[in-house]
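Source file: protein_26.cif. Holds: mmCIF, C-alpha atoms.
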data_structure
#
loop_
_atom_site.label_atom_id
_atom_site.label_comp_id
_atom_site.auth_asym_id
_atom_site.auth_seq_id
_atom_site.Cartn_x
_atom_site.Cartn_y
_atom_site.Cartn_z
CA MET T 131 79.52 49.72 6.53
CA TRP T 132 82.68 48.79 8.43
CA ARG T 133 84.87 50.07 5.56
CA HIS T 134 83.01 53.40 5.46
CA ALA T 135 83.40 53.84 9.24
CA ALA T 136 87.09 52.96 9.03
CA ALA T 137 87.54 55.47 6.20
CA ARG T 138 85.93 58.22 8.29
CA ARG T 139 88.20 57.43 11.25
CA SER T 140 91.21 57.33 8.95
CA ALA T 141 90.35 60.79 7.62
CA GLN T 142 89.98 62.07 11.21
CA ILE T 143 93.37 60.72 12.23
CA ARG T 144 95.04 62.22 9.16
CA ARG T 145 93.68 65.63 10.13
CA LEU T 146 94.94 65.18 13.69
CA LEU T 147 98.35 64.03 12.50
CA SER T 148 98.67 66.37 9.53
CA THR T 149 102.33 66.99 10.23
CA SER T 150 103.07 63.43 9.12
CA ALA T 151 100.21 62.11 7.02
CA PRO T 152 100.06 63.52 3.48
CA SER T 153 96.92 64.42 1.62
CA THR T 154 95.53 61.44 -0.27
CA GLY T 155 93.07 62.95 -2.67
CA ALA T 156 90.35 65.49 -3.27
CA GLY T 157 88.31 64.29 -0.32
CA SER T 158 91.13 64.73 2.19
CA ALA T 159 91.66 67.70 4.45
CA VAL T 160 94.34 70.11 3.30
CA ARG T 161 97.47 69.56 5.32
CA GLY T 162 98.23 72.49 7.62
CA PRO T 163 101.54 73.65 9.05
CA CYS T 164 102.84 72.27 12.32
CA ILE T 165 105.29 74.20 14.49
CA VAL T 166 108.10 71.87 15.59
CA HIS T 167 110.50 73.04 18.29
CA LYS T 168 113.02 70.32 17.53
CA ARG T 169 115.72 69.65 14.96
CA GLY T 170 117.85 66.82 13.67
CA THR T 171 118.01 63.58 15.63
CA ASP T 172 115.62 64.97 18.26
CA ILE T 173 112.88 64.79 15.61
CA LEU T 174 113.90 61.32 14.43
CA HIS T 175 113.78 60.06 18.04
CA ASP T 176 110.30 61.51 18.65
CA PRO T 177 107.68 59.07 17.32
CA TRP T 178 105.06 61.80 17.17
CA TYR T 179 107.00 63.91 14.64
CA ASN T 180 109.20 61.29 13.01
CA LYS T 181 108.24 60.37 9.44
CA ASP T 182 111.33 58.23 8.73
CA THR T 183 112.06 58.28 5.00
CA ALA T 184 108.90 60.28 4.21
CA PHE T 185 110.51 63.65 5.01
CA PRO T 186 110.75 65.56 1.69
CA LEU T 187 114.06 67.27 0.89
CA THR T 188 112.70 70.72 1.77
CA GLU T 189 111.81 69.53 5.30
CA ARG T 190 115.12 67.71 5.64
CA ASP T 191 116.89 71.01 4.97
CA ARG T 192 114.68 73.10 7.26
CA LEU T 193 114.81 70.62 10.13
CA GLY T 194 118.48 69.66 9.93
CA LEU T 195 117.78 66.14 8.70
CA ARG T 196 119.75 66.03 5.46
CA GLY T 197 122.36 63.31 5.78
CA LEU T 198 120.63 61.68 8.74
CA LEU T 199 118.31 59.60 6.55
CA PRO T 200 118.78 57.43 3.45
CA PRO T 201 118.54 59.65 0.34
CA ARG T 202 115.37 58.14 -1.09
CA VAL T 203 112.12 59.89 -0.17
CA MET T 204 109.25 57.44 0.25
CA SER T 205 105.57 58.39 0.37
CA PHE T 206 103.38 57.65 3.36
CA GLU T 207 101.52 55.06 1.25
CA GLN T 208 104.78 53.32 0.36
CA GLN T 209 105.73 53.16 4.05
CA TYR T 210 102.30 51.76 4.84
CA GLU T 211 102.66 49.07 2.18
CA ARG T 212 106.15 48.17 3.36
CA PHE T 213 104.93 47.65 6.93
CA ILE T 214 101.95 45.52 5.87
CA ASN T 215 104.26 43.40 3.70
CA SER T 216 106.63 42.96 6.66
CA TYR T 217 103.72 41.90 8.85
CA HIS T 218 102.54 39.33 6.32
CA SER T 219 106.12 38.02 5.97
CA LEU T 220 106.20 37.57 9.75
CA GLU T 221 102.95 35.59 9.60
CA HIS T 222 104.40 33.37 6.87
CA ASN T 223 107.74 32.84 8.64
CA THR T 224 106.16 31.90 11.98
CA LYS T 225 103.76 29.27 10.64
CA GLY T 226 103.90 26.20 12.85
CA GLU T 227 105.29 28.09 15.83
CA PRO T 228 103.42 28.04 19.18
CA GLU T 229 100.58 30.55 19.31
CA SER T 230 102.19 32.47 22.16
CA VAL T 231 105.41 32.92 20.17
CA VAL T 232 103.51 34.15 17.11
CA SER T 233 101.34 36.54 19.14
CA LEU T 234 104.34 38.12 20.88
CA ALA T 235 106.19 38.43 17.56
CA LYS T 236 103.20 40.28 16.08
CA TRP T 237 102.99 42.54 19.15
CA ARG T 238 106.70 43.32 18.89
CA ILE T 239 106.53 44.41 15.25
CA LEU T 240 103.56 46.69 16.01
CA ASN T 241 105.24 48.02 19.15
CA ARG T 242 108.43 48.85 17.23
CA LEU T 243 106.34 50.85 14.76
CA HIS T 244 104.59 52.62 17.67
CA ASP T 245 107.99 53.52 19.14
CA ARG T 246 109.21 54.90 15.83
CA ASN T 247 106.33 56.49 13.90
CA GLU T 248 103.00 57.06 15.67
CA THR T 249 101.28 58.47 12.60
CA LEU T 250 101.90 55.32 10.59
CA TYR T 251 101.09 53.15 13.61
CA TYR T 252 97.63 54.62 14.12
CA ARG T 253 96.89 54.61 10.40
CA VAL T 254 97.72 50.89 10.31
CA LEU T 255 95.49 50.25 13.35
CA ILE T 256 92.55 52.24 11.99
CA ASP T 257 92.59 50.50 8.63
CA ASN T 258 93.08 47.02 10.11
CA ILE T 259 91.46 47.26 13.55
CA LYS T 260 89.66 43.90 13.27
CA ASP T 261 92.97 42.11 12.63
CA PHE T 262 95.15 44.06 15.05
CA ALA T 263 92.82 44.59 18.03
CA PRO T 264 93.52 41.04 19.32
CA ILE T 265 97.26 41.84 19.14
CA ILE T 266 97.30 45.24 20.87
CA TYR T 267 94.59 44.22 23.37
CA THR T 268 93.00 40.96 24.45
CA PRO T 269 94.02 38.21 24.26
CA THR T 270 97.67 39.07 23.47
CA VAL T 271 97.94 41.94 25.98
CA GLY T 272 97.72 39.44 28.85
CA LEU T 273 100.78 37.63 27.55
CA VAL T 274 102.53 40.99 27.09
CA CYS T 275 101.78 42.01 30.68
CA GLU T 276 103.14 38.73 32.03
CA ASN T 277 106.43 39.38 30.22
CA TYR T 278 106.47 43.19 30.26
CA SER T 279 109.68 43.69 32.24
CA GLY T 280 111.57 41.62 29.67
CA LEU T 281 109.81 43.23 26.70
CA PHE T 282 110.29 46.81 27.92
CA ARG T 283 112.21 49.04 25.51
CA ARG T 284 111.04 52.59 26.14
CA PRO T 285 108.54 54.18 28.56
CA ARG T 286 104.99 54.96 27.52
CA GLY T 287 102.48 56.80 29.69
CA MET T 288 103.15 57.78 33.32
CA TYR T 289 104.06 55.88 36.49
CA PHE T 290 103.05 57.00 39.99
CA SER T 291 104.32 54.87 42.86
CA ALA T 292 104.14 54.65 46.62
CA LYS T 293 107.60 56.26 46.65
CA ASP T 294 106.16 59.40 45.02
CA LYS T 295 103.91 60.36 47.92
CA GLY T 296 103.98 64.14 48.33
CA GLU T 297 105.34 64.67 44.80
CA MET T 298 102.42 63.77 42.53
CA MET T 299 101.07 67.31 42.12
CA SER T 300 104.37 68.39 40.56
CA MET T 301 104.89 65.09 38.70
CA ILE T 302 101.65 65.44 36.76
CA TYR T 303 103.12 68.48 34.98
CA ASN T 304 105.95 66.34 33.60
CA TRP T 305 103.52 65.05 30.98
CA PRO T 306 104.13 67.19 27.86
CA ALA T 307 100.55 67.42 26.53
CA GLU T 308 98.71 70.55 27.58
CA LYS T 309 95.32 68.83 27.35
CA VAL T 310 94.31 65.26 28.17
CA ASP T 311 90.77 64.03 27.50
CA MET T 312 91.03 60.36 28.45
CA ILE T 313 93.06 58.57 31.11
CA VAL T 314 93.08 54.83 31.72
CA VAL T 315 94.72 53.89 35.02
CA THR T 316 95.42 50.56 36.69
CA ASP T 317 97.14 49.41 39.86
CA GLY T 318 97.97 46.06 38.28
CA SER T 319 96.17 44.11 41.00
CA ARG T 320 93.74 42.10 38.84
CA ILE T 321 94.97 42.00 35.24
CA LEU T 322 92.40 40.11 33.14
CA GLY T 323 92.27 36.61 34.65
CA LEU T 324 95.96 36.63 35.53
CA GLY T 325 95.84 38.24 38.97
CA ASP T 326 98.43 40.58 40.48
CA LEU T 327 101.00 41.62 37.84
CA GLY T 328 102.12 44.80 39.56
CA VAL T 329 103.71 47.46 37.37
CA GLN T 330 103.62 45.09 34.39
CA GLY T 331 99.89 45.82 34.16
CA ILE T 332 100.70 49.06 32.31
CA GLY T 333 100.11 47.09 29.11
CA ILE T 334 96.37 47.23 29.79
CA PRO T 335 95.97 51.05 29.76
CA ILE T 336 98.28 51.33 26.74
CA GLY T 337 96.37 48.73 24.74
CA LYS T 338 92.93 49.97 25.73
CA LEU T 339 93.71 53.56 24.73
CA ASP T 340 95.11 52.41 21.39
CA VAL T 341 91.77 50.68 20.74
CA TYR T 342 89.91 53.86 21.75
CA VAL T 343 91.98 55.88 19.30
CA ALA T 344 91.64 53.45 16.42
CA ALA T 345 88.02 52.39 16.91
CA ALA T 346 86.43 55.45 18.53
CA GLY T 347 88.40 58.30 16.96
CA ILE T 348 89.79 59.79 20.20
CA ASN T 349 92.68 62.16 19.57
CA PRO T 350 95.89 60.17 20.30
CA GLN T 351 97.61 63.34 21.50
CA LYS T 352 95.04 63.63 24.29
CA VAL T 353 95.14 60.19 25.90
CA LEU T 354 97.30 59.09 28.82
CA PRO T 355 97.93 55.53 30.13
CA ILE T 356 98.89 55.52 33.81
CA MET T 357 100.27 52.92 36.19
CA LEU T 358 99.78 53.25 39.95
CA ASP T 359 102.54 51.15 41.46
CA VAL T 360 101.31 50.37 44.95
CA ARG T 361 103.67 47.38 45.10
CA THR T 362 102.78 43.72 44.49
CA ASN T 363 102.03 40.50 46.33
CA ASN T 364 103.15 38.36 43.39
CA GLU T 365 106.01 36.29 44.84
CA LYS T 366 107.45 35.54 41.41
CA LEU T 367 107.75 39.27 40.65
CA LEU T 368 109.12 40.06 44.12
CA GLU T 369 111.96 37.63 43.44
CA ASP T 370 112.53 38.75 39.82
CA LYS T 371 115.63 40.96 39.59
CA LEU T 372 114.42 42.33 36.24
CA TYR T 373 111.02 43.39 37.60
CA LEU T 374 110.54 47.13 36.92
CA GLY T 375 108.24 47.95 39.83
CA LEU T 376 108.61 48.24 43.60
CA ARG T 377 109.61 44.88 45.03
CA GLN T 378 107.65 45.16 48.27
CA PRO T 379 104.28 43.80 49.49
CA ARG T 380 101.22 45.67 48.18
CA LEU T 381 99.86 48.58 50.22
CA LYS T 382 96.59 48.06 52.11
CA GLY T 383 93.80 50.11 53.65
CA GLU T 384 94.40 53.80 54.32
CA GLU T 385 97.98 53.65 53.01
CA TYR T 386 96.66 52.45 49.67
CA LEU T 387 93.85 55.02 49.53
CA ALA T 388 96.25 57.84 50.42
CA VAL T 389 98.25 57.13 47.25
CA VAL T 390 95.14 56.95 45.06
CA ASP T 391 93.74 60.13 46.66
CA GLU T 392 96.90 62.09 45.94
CA PHE T 393 96.99 60.81 42.37
CA MET T 394 93.35 61.79 41.74
CA GLU T 395 93.89 65.25 43.25
CA ALA T 396 96.85 65.82 40.92
CA VAL T 397 94.96 64.66 37.82
CA HIS T 398 91.89 66.74 38.67
CA ALA T 399 94.01 69.81 39.33
CA ARG T 400 95.62 69.73 35.89
CA TRP T 401 92.86 68.20 33.73
CA PRO T 402 89.55 68.68 35.61
CA LYS T 403 87.45 67.57 32.62
CA ALA T 404 89.40 64.42 31.74
CA VAL T 405 87.66 61.05 31.84
CA VAL T 406 89.52 58.80 34.30
CA GLN T 407 88.81 55.11 33.73
CA PHE T 408 89.88 52.71 36.48
CA GLU T 409 90.84 49.40 34.87
CA ASP T 410 91.54 45.97 36.38
CA PHE T 411 91.51 46.96 40.06
CA GLN T 412 90.73 44.37 42.71
CA MET T 413 87.02 43.97 43.35
CA LYS T 414 87.35 45.24 46.93
CA TRP T 415 88.59 48.60 45.64
CA GLU T 416 86.34 49.02 42.59
CA PHE T 417 83.19 50.21 44.37
CA GLU T 418 85.18 52.04 47.04
CA THR T 419 87.02 54.17 44.48
CA LEU T 420 83.91 54.72 42.37
CA GLN T 421 82.01 56.01 45.36
CA ARG T 422 84.98 58.06 46.49
CA TYR T 423 85.72 59.88 43.21
CA ARG T 424 82.64 59.73 40.99
CA ASN T 425 81.57 63.30 41.87
#

Output the structure of this file as structure tokens.
Amino acid sequence: MWRHAAARRSAQIRRLLSTSAPSTGAGSAVRGPCIVHKRGTDILHDPWYNKDTAFPLTERDRLGLRGLLPPRVMSFEQQYERFINSYHSLEHNTKGEPESVVSLAKWRILNRLHDRNETLYYRVLIDNIKDFAPIIYTPTVGLVCENYSGLFRRPRGMYFSAKDKGEMMSMIYNWPAEKVDMIVVTDGSRILGLGDLGVQGIGIPIGKLDVYVAAAGINPQKVLPIMLDVRTNNEKLLEDKLYLGLRQPRLKGEEYLAVVDEFMEAVHARWPKAVVQFEDFQMKWEFETLQRYRN
């Protein structure tokens, strides 16, 4: 039953990502054209469109990619197999290492794939969700959040901070997707059982939405992880020169609510039908915000 459900989700994701995932048989949807307003390295640096070595020669010519990739053209299935083999090699090579070291190494290899080729990333998650869910979400995501400033390589999602007051309505239009169906937002104040992790809590919305895509079939082009940086009371982070958030004490009372209000107004103005899930907020704000915004 699980395999049949995974197969259905895999077929759904291939239809959504038809620009990158090839047809795999008579039962698959026919791949349709995708208009790409990019060329050359701009495509290779965009994980949504990048197919790495899977670009056929005709696409390499049309998109200005010839010479920018190794000459061999690999199929999507060959790329998939290569990644799974690399993952198993990592498991073998880290035997005997502390669990935290192994978990972070597994997260890194998946994150690098996510940064490079989203089509392949989601296909891997869908087909192996039972194995990879503990890596992209709990329990590993807690370890990732604790070390996020050091692990950070490229931005994912959006960040709204106390410094952005008065600018959020325009900021929301910086997100490139015309439609968003699902938003997961956190203020980083109560991440799992780890407490206040400030801006490093962005790992929670990212991981949760990846699970929603892989296990529930939500369109990955229509999800948005968001971090509300309303500062932090974590002394270790306040003293950390590498910390990526605002190094000031956390906002309280009306100052705090003013930031959340402006954020919600901006989201509702652009995507009035989007589901907005508040995740890992402090208990004192959970019922307040639910009552404030539920209607």

For stretch 158-262 of chain T against stretch 324-345 of chain T, with a cut-off of 7 Å and counting all atoms listed in the file, what is the closest atom pair and its distance in Å to one decimal for every residue that makes the cut, ordered by chain and number, as a Markdown table?
| residue | atom | partner | partner_atom | distance |
| --- | --- | --- | --- | --- |
| T:Tyr252 | CA | T:Ala344 | CA | 6.5 |
| T:Leu255 | CA | T:Ala344 | CA | 5.9 |
| T:Ile256 | CA | T:Ala344 | CA | 4.7 |
| T:Ile259 | CA | T:Ala344 | CA | 6.8 |

Selected residues written out with C-alpha atoms, as a PDB file, in the frame of the given file:
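Contents of result39.pdb, freshly written:
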ATOM      1  CA  TYR T 252      97.630  54.620  14.120  1.00  0.00           C
ATOM      2  CA  LEU T 255      95.490  50.250  13.350  1.00  0.00           C
ATOM      3  CA  ILE T 256      92.550  52.240  11.990  1.00  0.00           C
ATOM      4  CA  ILE T 259      91.460  47.260  13.550  1.00  0.00           C
TER       5      ILE T 259
END

Is it possible to get the residues within 12 Å of (112.8, 69.2, 18.9) (coordinates as in the file, counting all atoms listed in the file) written as a ChimeraX atom specification?
/T:165-180,193-195

Skip T:Asp261 itself and residues of its chain fewer than 2 positions away, then list as a PyMOL selection string all residues within 12 Å of it, counting all atoms listed in the file.
chain T and resi 214+217-218+233+236-237+254-259+263-268+341

Save the residues we just selected, C-alpha atoms, as an mmCIF file, keeping the file's coordinate frame?
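Saved result, out26.cif, follows:
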data_model
loop_
_atom_site.group_PDB
_atom_site.id
_atom_site.type_symbol
_atom_site.label_atom_id
_atom_site.label_comp_id
_atom_site.auth_asym_id
_atom_site.auth_seq_id
_atom_site.Cartn_x
_atom_site.Cartn_y
_atom_site.Cartn_z
ATOM 1 C CA ILE T 214 101.950 45.520 5.870
ATOM 2 C CA TYR T 217 103.720 41.900 8.850
ATOM 3 C CA HIS T 218 102.540 39.330 6.320
ATOM 4 C CA SER T 233 101.340 36.540 19.140
ATOM 5 C CA LYS T 236 103.200 40.280 16.080
ATOM 6 C CA TRP T 237 102.990 42.540 19.150
ATOM 7 C CA VAL T 254 97.720 50.890 10.310
ATOM 8 C CA LEU T 255 95.490 50.250 13.350
ATOM 9 C CA ILE T 256 92.550 52.240 11.990
ATOM 10 C CA ASP T 257 92.590 50.500 8.630
ATOM 11 C CA ASN T 258 93.080 47.020 10.110
ATOM 12 C CA ILE T 259 91.460 47.260 13.550
ATOM 13 C CA ALA T 263 92.820 44.590 18.030
ATOM 14 C CA PRO T 264 93.520 41.040 19.320
ATOM 15 C CA ILE T 265 97.260 41.840 19.140
ATOM 16 C CA ILE T 266 97.300 45.240 20.870
ATOM 17 C CA TYR T 267 94.590 44.220 23.370
ATOM 18 C CA THR T 268 93.000 40.960 24.450
ATOM 19 C CA VAL T 341 91.770 50.680 20.740
#

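Using all atoms listed in the file, the set of residues no farther than 6 Å from the position (89.4, 62.7, 28.1) comprises T:Val310, T:Asp311, T:Met312, T:Ala404, T:Val405.
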
Evaluate the PyMOL selection byres ((chain T and resi 352) around 9) and report residues as number ranges by chain
T: 307-313, 348-351, 353-354

Have stretch 166-200 of chain T completed to N, CA and C atoms, please, and pass it along as a PDB file, keeping the file's coordinate frame.
ATOM      1  N   VAL T 166     107.289  72.891  14.934  1.00  0.00           N
ATOM      2  CA  VAL T 166     108.100  71.870  15.590  1.00  0.00           C
ATOM      3  C   VAL T 166     109.290  72.548  16.248  1.00  0.00           C
ATOM      4  N   HIS T 167     109.412  72.414  17.553  1.00  0.00           N
ATOM      5  CA  HIS T 167     110.500  73.040  18.290  1.00  0.00           C
ATOM      6  C   HIS T 167     111.658  72.074  18.488  1.00  0.00           C
ATOM      7  N   LYS T 168     111.923  71.286  17.469  1.00  0.00           N
ATOM      8  CA  LYS T 168     113.020  70.320  17.530  1.00  0.00           C
ATOM      9  C   LYS T 168     113.743  70.316  16.194  1.00  0.00           C
ATOM     10  N   ARG T 169     114.949  69.772  16.179  1.00  0.00           N
ATOM     11  CA  ARG T 169     115.720  69.650  14.960  1.00  0.00           C
ATOM     12  C   ARG T 169     116.530  68.357  14.995  1.00  0.00           C
ATOM     13  N   GLY T 170     116.916  67.933  13.798  1.00  0.00           N
ATOM     14  CA  GLY T 170     117.850  66.820  13.670  1.00  0.00           C
ATOM     15  C   GLY T 170     117.394  65.531  14.323  1.00  0.00           C
ATOM     16  N   THR T 171     118.312  64.895  15.039  1.00  0.00           N
ATOM     17  CA  THR T 171     118.010  63.580  15.630  1.00  0.00           C
ATOM     18  C   THR T 171     116.910  63.657  16.679  1.00  0.00           C
ATOM     19  N   ASP T 172     116.705  64.844  17.281  1.00  0.00           N
ATOM     20  CA  ASP T 172     115.620  64.970  18.260  1.00  0.00           C
ATOM     21  C   ASP T 172     114.272  64.690  17.604  1.00  0.00           C
ATOM     22  N   ILE T 173     114.125  65.072  16.339  1.00  0.00           N
ATOM     23  CA  ILE T 173     112.880  64.790  15.610  1.00  0.00           C
ATOM     24  C   ILE T 173     112.798  63.300  15.279  1.00  0.00           C
ATOM     25  N   LEU T 174     113.898  62.733  14.823  1.00  0.00           N
ATOM     26  CA  LEU T 174     113.900  61.320  14.430  1.00  0.00           C
ATOM     27  C   LEU T 174     113.643  60.409  15.632  1.00  0.00           C
ATOM     28  N   HIS T 175     113.975  60.863  16.830  1.00  0.00           N
ATOM     29  CA  HIS T 175     113.780  60.060  18.040  1.00  0.00           C
ATOM     30  C   HIS T 175     112.425  60.326  18.707  1.00  0.00           C
ATOM     31  N   ASP T 176     111.634  61.203  18.117  1.00  0.00           N
ATOM     32  CA  ASP T 176     110.300  61.510  18.650  1.00  0.00           C
ATOM     33  C   ASP T 176     109.256  60.868  17.746  1.00  0.00           C
ATOM     34  N   PRO T 177     108.608  59.786  18.197  1.00  0.00           N
ATOM     35  CA  PRO T 177     107.680  59.070  17.320  1.00  0.00           C
ATOM     36  C   PRO T 177     106.492  59.896  16.868  1.00  0.00           C
ATOM     37  N   TRP T 178     106.201  60.989  17.592  1.00  0.00           N
ATOM     38  CA  TRP T 178     105.060  61.800  17.170  1.00  0.00           C
ATOM     39  C   TRP T 178     105.375  62.588  15.902  1.00  0.00           C
ATOM     40  N   TYR T 179     106.614  63.089  15.787  1.00  0.00           N
ATOM     41  CA  TYR T 179     107.000  63.910  14.640  1.00  0.00           C
ATOM     42  C   TYR T 179     107.764  63.129  13.571  1.00  0.00           C
ATOM     43  N   ASN T 180     108.371  62.024  13.961  1.00  0.00           N
ATOM     44  CA  ASN T 180     109.200  61.290  13.010  1.00  0.00           C
ATOM     45  C   ASN T 180     108.387  60.714  11.858  1.00  0.00           C
ATOM     46  N   LYS T 181     108.865  60.932  10.637  1.00  0.00           N
ATOM     47  CA  LYS T 181     108.240  60.370   9.440  1.00  0.00           C
ATOM     48  C   LYS T 181     109.197  59.424   8.726  1.00  0.00           C
ATOM     49  N   ASP T 182     110.331  59.109   9.354  1.00  0.00           N
ATOM     50  CA  ASP T 182     111.330  58.230   8.730  1.00  0.00           C
ATOM     51  C   ASP T 182     111.707  58.755   7.349  1.00  0.00           C
ATOM     52  N   THR T 183     111.630  57.900   6.350  1.00  0.00           N
ATOM     53  CA  THR T 183     112.060  58.280   5.000  1.00  0.00           C
ATOM     54  C   THR T 183     111.034  59.131   4.253  1.00  0.00           C
ATOM     55  N   ALA T 184     109.933  59.487   4.885  1.00  0.00           N
ATOM     56  CA  ALA T 184     108.900  60.280   4.210  1.00  0.00           C
ATOM     57  C   ALA T 184     109.162  61.791   4.271  1.00  0.00           C
ATOM     58  N   PHE T 185     110.187  62.220   4.987  1.00  0.00           N
ATOM     59  CA  PHE T 185     110.510  63.650   5.010  1.00  0.00           C
ATOM     60  C   PHE T 185     110.958  64.091   3.613  1.00  0.00           C
ATOM     61  N   PRO T 186     110.274  65.047   2.982  1.00  0.00           N
ATOM     62  CA  PRO T 186     110.750  65.560   1.690  1.00  0.00           C
ATOM     63  C   PRO T 186     112.050  66.348   1.888  1.00  0.00           C
ATOM     64  N   LEU T 187     112.766  66.600   0.796  1.00  0.00           N
ATOM     65  CA  LEU T 187     114.060  67.270   0.890  1.00  0.00           C
ATOM     66  C   LEU T 187     113.948  68.660   1.496  1.00  0.00           C
ATOM     67  N   THR T 188     112.854  69.372   1.207  1.00  0.00           N
ATOM     68  CA  THR T 188     112.700  70.720   1.770  1.00  0.00           C
ATOM     69  C   THR T 188     112.621  70.665   3.285  1.00  0.00           C
ATOM     70  N   GLU T 189     111.900  69.673   3.837  1.00  0.00           N
ATOM     71  CA  GLU T 189     111.810  69.530   5.300  1.00  0.00           C
ATOM     72  C   GLU T 189     113.132  69.046   5.872  1.00  0.00           C
ATOM     73  N   ARG T 190     113.823  68.190   5.150  1.00  0.00           N
ATOM     74  CA  ARG T 190     115.120  67.710   5.640  1.00  0.00           C
ATOM     75  C   ARG T 190     116.092  68.890   5.803  1.00  0.00           C
ATOM     76  N   ASP T 191     116.021  69.837   4.870  1.00  0.00           N
ATOM     77  CA  ASP T 191     116.890  71.010   4.970  1.00  0.00           C
ATOM     78  C   ASP T 191     116.463  71.924   6.122  1.00  0.00           C
ATOM     79  N   ARG T 192     115.162  72.192   6.222  1.00  0.00           N
ATOM     80  CA  ARG T 192     114.680  73.100   7.260  1.00  0.00           C
ATOM     81  C   ARG T 192     114.900  72.553   8.658  1.00  0.00           C
ATOM     82  N   LEU T 193     114.777  71.240   8.805  1.00  0.00           N
ATOM     83  CA  LEU T 193     114.810  70.620  10.130  1.00  0.00           C
ATOM     84  C   LEU T 193     116.150  69.981  10.474  1.00  0.00           C
ATOM     85  N   GLY T 194     117.149  70.199   9.643  1.00  0.00           N
ATOM     86  CA  GLY T 194     118.480  69.660   9.930  1.00  0.00           C
ATOM     87  C   GLY T 194     118.557  68.152   9.819  1.00  0.00           C
ATOM     88  N   LEU T 195     117.838  67.590   8.846  1.00  0.00           N
ATOM     89  CA  LEU T 195     117.780  66.140   8.700  1.00  0.00           C
ATOM     90  C   LEU T 195     118.579  65.617   7.515  1.00  0.00           C
ATOM     91  N   ARG T 196     119.024  66.503   6.644  1.00  0.00           N
ATOM     92  CA  ARG T 196     119.750  66.030   5.460  1.00  0.00           C
ATOM     93  C   ARG T 196     121.031  65.316   5.906  1.00  0.00           C
ATOM     94  N   GLY T 197     121.217  64.119   5.399  1.00  0.00           N
ATOM     95  CA  GLY T 197     122.360  63.310   5.780  1.00  0.00           C
ATOM     96  C   GLY T 197     122.089  62.355   6.922  1.00  0.00           C
ATOM     97  N   LEU T 198     120.977  62.559   7.615  1.00  0.00           N
ATOM     98  CA  LEU T 198     120.630  61.680   8.740  1.00  0.00           C
ATOM     99  C   LEU T 198     119.681  60.563   8.328  1.00  0.00           C
ATOM    100  N   LEU T 199     119.241  60.592   7.075  1.00  0.00           N
ATOM    101  CA  LEU T 199     118.310  59.600   6.550  1.00  0.00           C
ATOM    102  C   LEU T 199     118.829  59.083   5.209  1.00  0.00           C
ATOM    103  N   PRO T 200     118.438  57.874   4.796  1.00  0.00           N
ATOM    104  CA  PRO T 200     118.780  57.430   3.450  1.00  0.00           C
ATOM    105  C   PRO T 200     118.249  58.436   2.423  1.00  0.00           C
TER     106      PRO T 200
END
